[in-house]
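What follows is the content of target_8.cif (mmCIF, C-alpha atoms).
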```cif
data_my_file
loop_
_atom_site.label_atom_id
_atom_site.label_comp_id
_atom_site.auth_asym_id
_atom_site.auth_seq_id
_atom_site.Cartn_x
_atom_site.Cartn_y
_atom_site.Cartn_z
CA THR Y 1 -13.52 -25.09 -4.05
CA THR Y 2 -11.03 -22.49 -2.92
CA ALA Y 3 -11.22 -18.78 -3.58
CA PRO Y 4 -9.20 -17.58 -6.57
CA SER Y 5 -5.79 -16.30 -5.59
CA ILE Y 6 -3.97 -13.14 -6.53
CA PRO Y 7 -1.65 -14.27 -9.35
CA VAL Y 8 1.93 -14.20 -8.12
CA THR Y 9 3.96 -11.88 -10.31
CA GLY Y 10 7.48 -10.60 -9.87
CA ARG Y 11 10.21 -12.32 -7.92
CA ALA Y 12 11.78 -11.76 -4.53
CA THR Y 13 14.52 -9.13 -4.76
CA THR Y 14 16.67 -7.24 -2.25
CA LEU Y 15 18.19 -3.86 -3.14
CA GLY Y 16 20.40 -1.40 -1.25
CA ALA Y 17 20.58 2.38 -1.50
CA GLY Y 18 20.50 3.79 -5.01
CA THR Y 19 18.31 4.36 -8.05
CA PHE Y 20 16.69 1.42 -9.81
CA THR Y 21 14.26 0.72 -12.68
CA GLY Y 22 11.08 -1.36 -12.65
CA GLY Y 23 11.20 -4.22 -15.15
CA LYS Y 24 15.01 -4.23 -15.04
CA ASP Y 25 16.20 -4.23 -11.41
CA VAL Y 26 12.85 -5.33 -9.95
CA ALA Y 27 10.53 -7.57 -11.98
CA VAL Y 28 7.10 -6.16 -12.77
CA GLY Y 29 4.66 -7.25 -10.03
CA LEU Y 30 2.86 -6.59 -6.76
CA TYR Y 31 5.12 -6.57 -3.69
CA ASP Y 32 5.34 -5.92 0.03
CA ALA Y 33 8.47 -3.78 0.48
CA THR Y 34 10.17 -4.03 3.90
CA THR Y 35 13.58 -3.20 5.36
CA GLY Y 36 15.97 -4.66 7.89
CA SER Y 37 15.37 -4.13 11.59
CA GLY Y 38 16.56 -0.86 13.10
CA GLN Y 39 16.58 0.94 9.76
CA SER Y 40 14.60 3.91 8.53
CA GLY Y 41 14.99 5.76 5.25
CA ASN Y 42 13.32 7.07 2.12
CA PHE Y 43 11.56 4.77 -0.33
CA ILE Y 44 10.23 6.52 -3.43
CA VAL Y 45 8.71 5.04 -6.59
CA GLN Y 46 7.77 7.29 -9.50
CA GLY Y 47 5.94 6.00 -12.56
CA THR Y 48 2.64 4.24 -13.22
CA ASP Y 49 1.94 4.20 -9.47
CA SER Y 50 3.80 6.56 -7.14
CA TYR Y 51 4.89 5.98 -3.54
CA ASP Y 52 6.83 8.23 -1.17
CA GLU Y 53 7.31 6.71 2.28
CA ILE Y 54 9.67 6.67 5.20
CA LEU Y 55 10.25 2.90 5.32
CA GLY Y 56 11.32 1.31 8.60
CA SER Y 57 10.65 2.18 12.19
CA ALA Y 58 13.93 3.56 13.57
CA ASP Y 59 13.41 6.75 15.61
CA GLY Y 60 9.67 6.02 15.81
CA MET Y 61 9.06 7.29 12.27
CA GLY Y 62 7.93 5.50 9.17
CA VAL Y 63 5.94 2.43 8.23
CA PRO Y 64 7.12 -1.19 8.55
CA LYS Y 65 5.99 -2.14 5.04
CA VAL Y 66 4.53 -0.72 1.85
CA ARG Y 67 2.41 -2.56 -0.72
CA VAL Y 68 3.75 -1.49 -4.13
CA GLN Y 69 2.86 -2.22 -7.73
CA ILE Y 70 6.06 -2.08 -9.79
CA SER Y 71 5.61 -1.47 -13.54
CA ASN Y 72 8.02 -1.28 -16.47
CA GLY Y 73 10.05 1.92 -16.37
CA ASP Y 74 9.17 2.91 -12.79
CA GLN Y 75 12.00 4.80 -11.10
CA ILE Y 76 12.78 3.45 -7.62
CA GLN Y 77 14.87 5.60 -5.27
CA ILE Y 78 16.19 4.18 -1.99
CA SER Y 79 18.19 6.31 0.45
CA GLY Y 80 19.28 5.77 4.05
CA LEU Y 81 18.48 2.05 3.84
CA SER Y 82 21.03 -0.72 3.37
CA GLN Y 83 18.32 -3.08 2.18
CA VAL Y 84 14.79 -3.01 0.83
CA ILE Y 85 13.26 -6.45 0.48
CA PHE Y 86 10.63 -6.89 -2.26
CA THR Y 87 8.40 -9.91 -1.48
CA PRO Y 88 5.77 -10.88 -4.08
CA VAL Y 89 2.21 -10.60 -2.69
CA THR Y 90 0.21 -13.82 -2.49
CA GLY Y 91 -3.18 -14.62 -1.04
CA PRO Y 92 -6.81 -15.06 -1.90
CA THR Y 93 -8.69 -12.60 -4.07
CA ILE Y 94 -11.25 -10.71 -1.93
CA THR Y 95 -14.44 -10.04 -3.87
CA THR Y 96 -17.06 -9.75 -1.10
CA GLN Y 97 -17.47 -6.97 1.44
CA GLN Y 98 -15.70 -7.87 4.70
CA SER Y 99 -13.52 -6.31 7.38
CA ALA Y 100 -9.93 -5.76 6.30
CA THR Y 101 -6.70 -4.43 7.77
CA LEU Y 102 -4.64 -2.45 5.25
CA TYR Y 103 -1.31 -0.58 5.47
CA ALA Y 104 0.70 1.92 3.42
CA GLY Y 105 0.56 1.39 -0.33
CA THR Y 106 -2.13 0.76 -2.94
CA TRP Y 107 -5.03 -1.67 -2.75
CA THR Y 108 -7.40 -2.66 -5.57
CA VAL Y 109 -11.12 -3.16 -4.96
CA GLY Y 110 -12.21 -6.55 -6.33
CA GLN Y 111 -8.78 -8.05 -5.64
CA ASP Y 112 -7.70 -6.92 -2.14
CA VAL Y 113 -11.00 -5.53 -0.80
CA GLY Y 114 -14.60 -6.34 -1.72
CA ARG Y 115 -16.79 -3.57 -3.12
CA GLY Y 116 -19.24 -1.88 -0.77
CA ARG Y 117 -19.57 0.76 1.94
CA TYR Y 118 -16.92 0.95 4.68
CA VAL Y 119 -15.65 3.02 7.60
CA ALA Y 120 -11.84 3.44 7.60
CA THR Y 121 -10.15 3.98 10.99
CA PRO Y 122 -6.39 4.52 11.49
CA GLY Y 123 -4.33 2.49 13.94
CA SER Y 124 -4.01 3.99 17.43
CA GLY Y 125 -1.80 7.10 17.51
CA GLN Y 126 -1.27 7.09 13.74
CA SER Y 127 -1.87 9.78 11.16
CA GLY Y 128 -1.59 9.71 7.37
CA ASN Y 129 -3.31 10.06 4.02
CA PHE Y 130 -6.25 7.96 2.80
CA ILE Y 131 -7.19 8.57 -0.85
CA ILE Y 132 -9.61 6.97 -3.33
CA ASP Y 133 -9.46 9.17 -6.45
CA ALA Y 134 -12.38 7.45 -8.24
CA GLU Y 135 -14.69 8.15 -5.27
CA ASP Y 136 -13.41 11.69 -4.45
CA VAL Y 137 -12.15 10.57 -1.03
CA ASP Y 138 -9.05 12.45 0.18
CA GLU Y 139 -8.65 12.58 3.95
CA ILE Y 140 -5.98 12.84 6.60
CA LEU Y 141 -6.85 10.07 9.04
CA GLY Y 142 -5.87 10.47 12.69
CA GLY Y 143 -3.62 12.95 14.43
CA SER Y 144 -4.46 16.53 15.41
CA TYR Y 145 -5.12 17.62 11.78
CA GLY Y 146 -7.05 14.60 10.63
CA VAL Y 147 -10.46 13.03 11.05
CA PRO Y 148 -10.96 10.03 13.37
CA ASN Y 149 -12.51 7.98 10.52
CA VAL Y 150 -14.08 8.28 7.07
CA THR Y 151 -17.11 6.50 5.55
CA PHE Y 152 -17.01 5.75 1.81
CA ASN Y 153 -18.25 3.52 -1.02
CA VAL Y 154 -15.97 1.61 -3.41
CA GLN Y 155 -16.55 -0.28 -6.67
CA ASP Y 156 -14.49 -2.96 -8.41
CA GLY Y 157 -11.38 -1.41 -9.93
CA ASP Y 158 -11.15 1.52 -7.48
CA VAL Y 159 -7.67 1.98 -6.00
CA ILE Y 160 -7.24 2.84 -2.31
CA SER Y 161 -3.97 4.73 -1.66
CA ILE Y 162 -2.63 4.88 1.90
CA SER Y 163 0.45 6.84 2.95
CA GLY Y 164 2.13 7.24 6.34
CA LEU Y 165 -0.09 4.67 8.09
CA SER Y 166 1.00 1.20 9.17
CA GLN Y 167 -2.60 0.16 9.90
CA VAL Y 168 -6.03 1.15 8.60
CA THR Y 169 -9.05 -0.94 9.59
CA LEU Y 170 -11.95 -1.14 7.12
CA THR Y 171 -15.27 -2.08 8.71
CA PRO Y 172 -18.40 -2.70 6.61
CA ALA Y 173 -20.90 0.13 7.12
#
```
Just give me the structure as structure tokens.
Amino acid sequence: TTAPSIPVTGRATTLGAGTFTGGKDVAVGLYDATTGSGQSGNFIVQGTDSYDEILGSADGMGVPKVRVQISNGDQIQISGLSQVIFTPVTGPTITTQQSATLYAGTWTVGQDVGRGRYVATPGSGQSGNFIIDAEDVDEILGGSYGVPNVTFNVQDGDVISISGLSQVTLTPA
């Protein structure tokens, strides 16, 4: 038997600069949002889930991709980017505790990460926010103002929010 998979929702979409609406311009679903090479600009989603990232890696700033949940009525703002590519997320459902590599966006425990106790460590030279509201975890990981790692517990249904980091390694603790 194979592990259950994350149900594919949404459909591949490419948008340019402008203001768009979830459920109208982008189908409701879970996506990896990326941009064309050599670009860097603002990618903001306001609504059920909120994201505010510099997307792209021009000038050494920003993240290469963001995992986003788009819901009906979400307001999507794209500026400084000629294209943002929304690719529906696929893959197995992760229900057991195991090492994982995450990146900017939101991750659901019991779907993307197994419940348990972990240590989160940012990628080399990176700094950004690591938040799990349900577990009262709110840390800046890396950089001169942040901590080198954080140890935490998560339960099914918890949402891990990562901002400004292109890599966070979760190691079972």
For segment 46-77 of chain Y versus segment 5-9 of chain Y, which residues have an atom no more than 12 Å away, and what is each residue's nearest atom pair and distance in Å rounded to one decimal, using all atoms listed in the file, chain-then-number order, as JSON lines?
```
{"residue": "Y:Gln69", "atom": "CA", "partner": "Y:Thr9", "partner_atom": "CA", "distance": 10.1}
{"residue": "Y:Ile70", "atom": "CA", "partner": "Y:Thr9", "partner_atom": "CA", "distance": 10.0}
{"residue": "Y:Ser71", "atom": "CA", "partner": "Y:Thr9", "partner_atom": "CA", "distance": 11.0}
```
Please identify all polymer residues within 10 Å of Phe20 of chain Y, counting only C-alpha atoms, omitting same-chain residues fewer than 6 positions from it, and present them as a PyMOL selection string. chain Y and resi 26+45+73-78
Using only C-alpha atoms for the distances, tell me which of Y:Val147, Y:Val89, Y:Ala100, Y:Val68 is nearest to Ser161 of chain Y. Y:Val68
Give as a list in words each residue that has an atom at most 10 Å from (-7.3, 2.8, -13.2) in the file, counting all atoms listed in the file.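 Within the cut-off we find Thr108, Asp133, Ala134, Gly157, Asp158 and Val159 of chain Y.
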Which residues are close to Lys65 of chain Y, i.e. within 9 Å by only C-alpha atoms, leaving aside same-chain residues fewer than 2 positions away? Reply as a PDB file with C-alpha atoms, in the frame of the given file.
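See part.pdb below for the written result:
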```pdb
ATOM      1  CA  ASP Y  32       5.340  -5.920   0.030  1.00  0.00           C
ATOM      2  CA  ALA Y  33       8.470  -3.780   0.480  1.00  0.00           C
ATOM      3  CA  THR Y  34      10.170  -4.030   3.900  1.00  0.00           C
ATOM      4  CA  THR Y  35      13.580  -3.200   5.360  1.00  0.00           C
ATOM      5  CA  LEU Y  55      10.250   2.900   5.320  1.00  0.00           C
ATOM      6  CA  GLY Y  56      11.320   1.310   8.600  1.00  0.00           C
ATOM      7  CA  GLY Y  62       7.930   5.500   9.170  1.00  0.00           C
ATOM      8  CA  VAL Y  63       5.940   2.430   8.230  1.00  0.00           C
ATOM      9  CA  ARG Y  67       2.410  -2.560  -0.720  1.00  0.00           C
ATOM     10  CA  TYR Y 103      -1.310  -0.580   5.470  1.00  0.00           C
ATOM     11  CA  ALA Y 104       0.700   1.920   3.420  1.00  0.00           C
ATOM     12  CA  GLY Y 105       0.560   1.390  -0.330  1.00  0.00           C
ATOM     13  CA  SER Y 166       1.000   1.200   9.170  1.00  0.00           C
TER      14      SER Y 166
END
```
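Proximity ranking of Y:Pro64, Y:Gly23, Y:Pro148, Y:Gly123 relative to Ile85 of chain Y places Y:Pro64 first, based on only C-alpha atoms.
Comparing Y:Gly16, Y:Pro172, Y:Gly80, Y:Gly143 by their smallest distance to Thr101 of chain Y, the closest is Y:Pro172 (using all atoms listed in the file).
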Shell of 8 Å around Gly10 of chain Y, all atoms listed in the file, local chain residues under 3 positions omitted, as a ChimeraX atom specification: /Y:26-31,88
Please, what distance in Å, to one decimal, runs between atom CA of Ala120 of chain Y and atom CA of Ala58 of chain Y? 26.5 Å
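Atom pair atom CA of Thr87 of chain Y / atom CA of Arg11 of chain Y has a distance of 7.1 Å (rounded to one decimal).
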Return as an MDAnalysis selection string the set of residues that the PyMOL selection byres ((chain Y and resi 128) around 6) yields on the displayed structure. chainID Y and resid 127 129 140:141 163:165
If the PyMOL selection byres ((chain Y and resi 79) around 10) were run on this exact file, what residues would it hold? Put them as a PyMOL selection string. chain Y and resi 16-19+40-44+54-55+77-78+80-84
Of the residues Y:Asn72, Y:Ser124, Y:Gln167, Y:Ser57, which is the one nearest to Gly38 of chain Y, using all atoms listed in the file? Y:Ser57
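As for atom CA of Ile160 of chain Y and atom CA of Thr121 of chain Y, they are spaced 13.7 Å apart.
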Pick from Y:Asp156, Y:Asp52, Y:Asp59, Y:Asp25: nearest to Gln97 of chain Y, with all atoms listed in the file counted?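 That would be Y:Asp156, the residue with the smallest distance to Gln97 of chain Y.
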Between Y:Gly114, Y:Lys24, Y:Ile162, Y:Ala173, single out the one closest to Ile131 of chain Y, counting only C-alpha atoms.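 Among Y:Gly114, Y:Lys24, Y:Ile162, Y:Ala173, it is Y:Ile162 that comes nearest to Ile131 of chain Y.
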